[in-house]
Each structure stands twice: as structure tokens, then as C-alpha cells.
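In what follows, a structure is listed as C-alpha cells, so that the remarks can point back to it.
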Amino acid sequence: MTMNGSLSVFDISGRAMSAQLVRLNTTASNLANAGTIAGSEAGAYRSMKPVFRTVMDDSGRATVAVDQVTQTKMAPSKRHDPNNPLADKDGNVWEAAVDSAAELVEMVETARQYQNNVQVLETAKGLINETLRMGQ
């Protein structure tokens, strides 16, 4: 996608931080639902992932935006537990389709990406302040 106008370093990093925040929220939701059960396969929780797209300005600078948040194709696990109040007529329940270990790795990666963009903003702010001091 191309946008009219020009992206500044603040636009680029701000949009990237916003995208990483969506990523972190979906990871948190996935981890919160890990281990939950449902009485049917259709009712079981499936982990979610954001889909990013590149956004470019007129001069070729790029940033990122969240295009959509989708469910993964991972299937819930069926477990026989006839004493569970959510069990179906055959005594089965379905556990959420969430890989907790993969979600924790995703959380660490997201935090690093977010921190990288914070560092870009801090560096840009420092350079601007230094330029202003030189002009005095």
C-alpha cells in the first residue's frame, strides 16, 4: 500500500510500535486462553495472529500496519473427561489450540521489536536536540 505524503522517523517507529502492541495483545489473549476447555471442537479457543502489511510513502520509505488478526489453523485437542461438566455426550472436552511455548517466544520477540523502535525514537530525539543546541 502506498500513502500520500512523507513518513517521518516518528511516523515509522510509531506505527511499528502500534503494530507490535497489537501483536503483544494477541499473544496475551492466546496465553490467557491456553488450557481452557470447551464442550465442542467448534467452541474451543484457537490462537490468533496479526497479519502485517507494508505501508510506503511517496519517497519509498516504509512502515507497517496491521492488516487483520486471524485465527491459526491449529486444531484443538480432544480429551476424554466424562466427569467434566463441559463434556459432550461421549465424555469428551476440547482443549484450546494454543502452543504456550511458542507464544512465550512470540512475546519475547515482540518485546524486542517494540524496544528497538523505542530506541530509534530516543536516538532521533537526541539528534534533534543536539541539532537545536548547535543552532544556539
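Each chain of the C-alpha cells is named A, B, ... in the order shown, its residues numbered from 1; ligands are numbered from 1 in display order.
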
DSSP strand (DSSP E) residues within segment 19-111 of chain A, listed as a PyMOL selection string: chain A and resi 37-38+48-56+62-71+77-80+92-95

Go through chain A and collect every residue that DSSP, computed from the backbone, puts in helix (DSSP H, G or I); the answer should be as a PyMOL selection string. chain A and resi 9-33+100-134

Interatomic distance (Å, one decimal) between atom CA of Thr36 of chain A and atom CA of Lys49 of chain A: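 These two atoms are separated by 18.2 Å.
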
Excluding Ala34 of chain A and any residue of its chain fewer than 4 positions from it, enumerate the residues within 12 Å of it, using only C-alpha atoms, and give them as a list of chain:residue names.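 Contacts, with the query itself left out: A:Thr27, A:Ala28, A:Ser29, A:Asn30, A:Ala38, A:Ala44, A:Tyr45, A:Arg46, A:Ser47, A:Met48, A:Pro76, A:Ser77, A:Trp94, A:Glu95, A:Ala96, A:Ala97, A:Val98, A:Asp99, A:Ser100, A:Ala101, A:Ala102, A:Glu103, A:Leu104.
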
For Asn84 of chain A, work out the shell of residues within 9 Å, counting only C-alpha atoms and skipping chain neighbours fewer than 5 positions away, then give it as a PyMOL selection string. chain A and resi 91-93

What does the file look like for those residues with N, CA, C and O atoms, as an mmCIF file, in the first residue's frame?
data_model
loop_
_atom_site.group_PDB
_atom_site.id
_atom_site.type_symbol
_atom_site.label_atom_id
_atom_site.label_comp_id
_atom_site.auth_asym_id
_atom_site.auth_seq_id
_atom_site.Cartn_x
_atom_site.Cartn_y
_atom_site.Cartn_z
ATOM 1 N N GLY A 91 -18.446 -37.842 26.581
ATOM 2 C CA GLY A 91 -17.493 -37.616 27.663
ATOM 3 C C GLY A 91 -16.221 -36.907 27.232
ATOM 4 O O GLY A 91 -15.209 -36.952 27.936
ATOM 5 N N ASN A 92 -16.252 -36.224 26.094
ATOM 6 C CA ASN A 92 -15.061 -35.545 25.580
ATOM 7 C C ASN A 92 -15.131 -34.035 25.785
ATOM 8 O O ASN A 92 -16.202 -33.434 25.741
ATOM 9 N N VAL A 93 -13.949 -33.437 26.000
ATOM 10 C CA VAL A 93 -13.787 -31.982 26.020
ATOM 11 C C VAL A 93 -12.657 -31.632 25.053
ATOM 12 O O VAL A 93 -11.858 -32.499 24.689
#

Residue among A:Asp88, A:Ala124, A:Arg112, A:Asn83 lying closest to Ile12 of chain A, counting only C-alpha atoms: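 Looking only at the distances to Ile12 of chain A, the closest residue turns out to be A:Ala124.
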
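Distance annotation: of A:Thr110, A:Thr72, A:Ser6, A:Thr54, the residue with the minimal separation from Leu21 of chain A is A:Thr110; atom set is only C-alpha atoms.
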
One decimal place gives the atom CA of Thr123 of chain A-atom CA of Val105 of chain A separation as 27.1 Å

In Å, with one decimal, what is the gap from atom CA of Val120 of chain A to atom CA of Leu31 of chain A? 29.0 Å
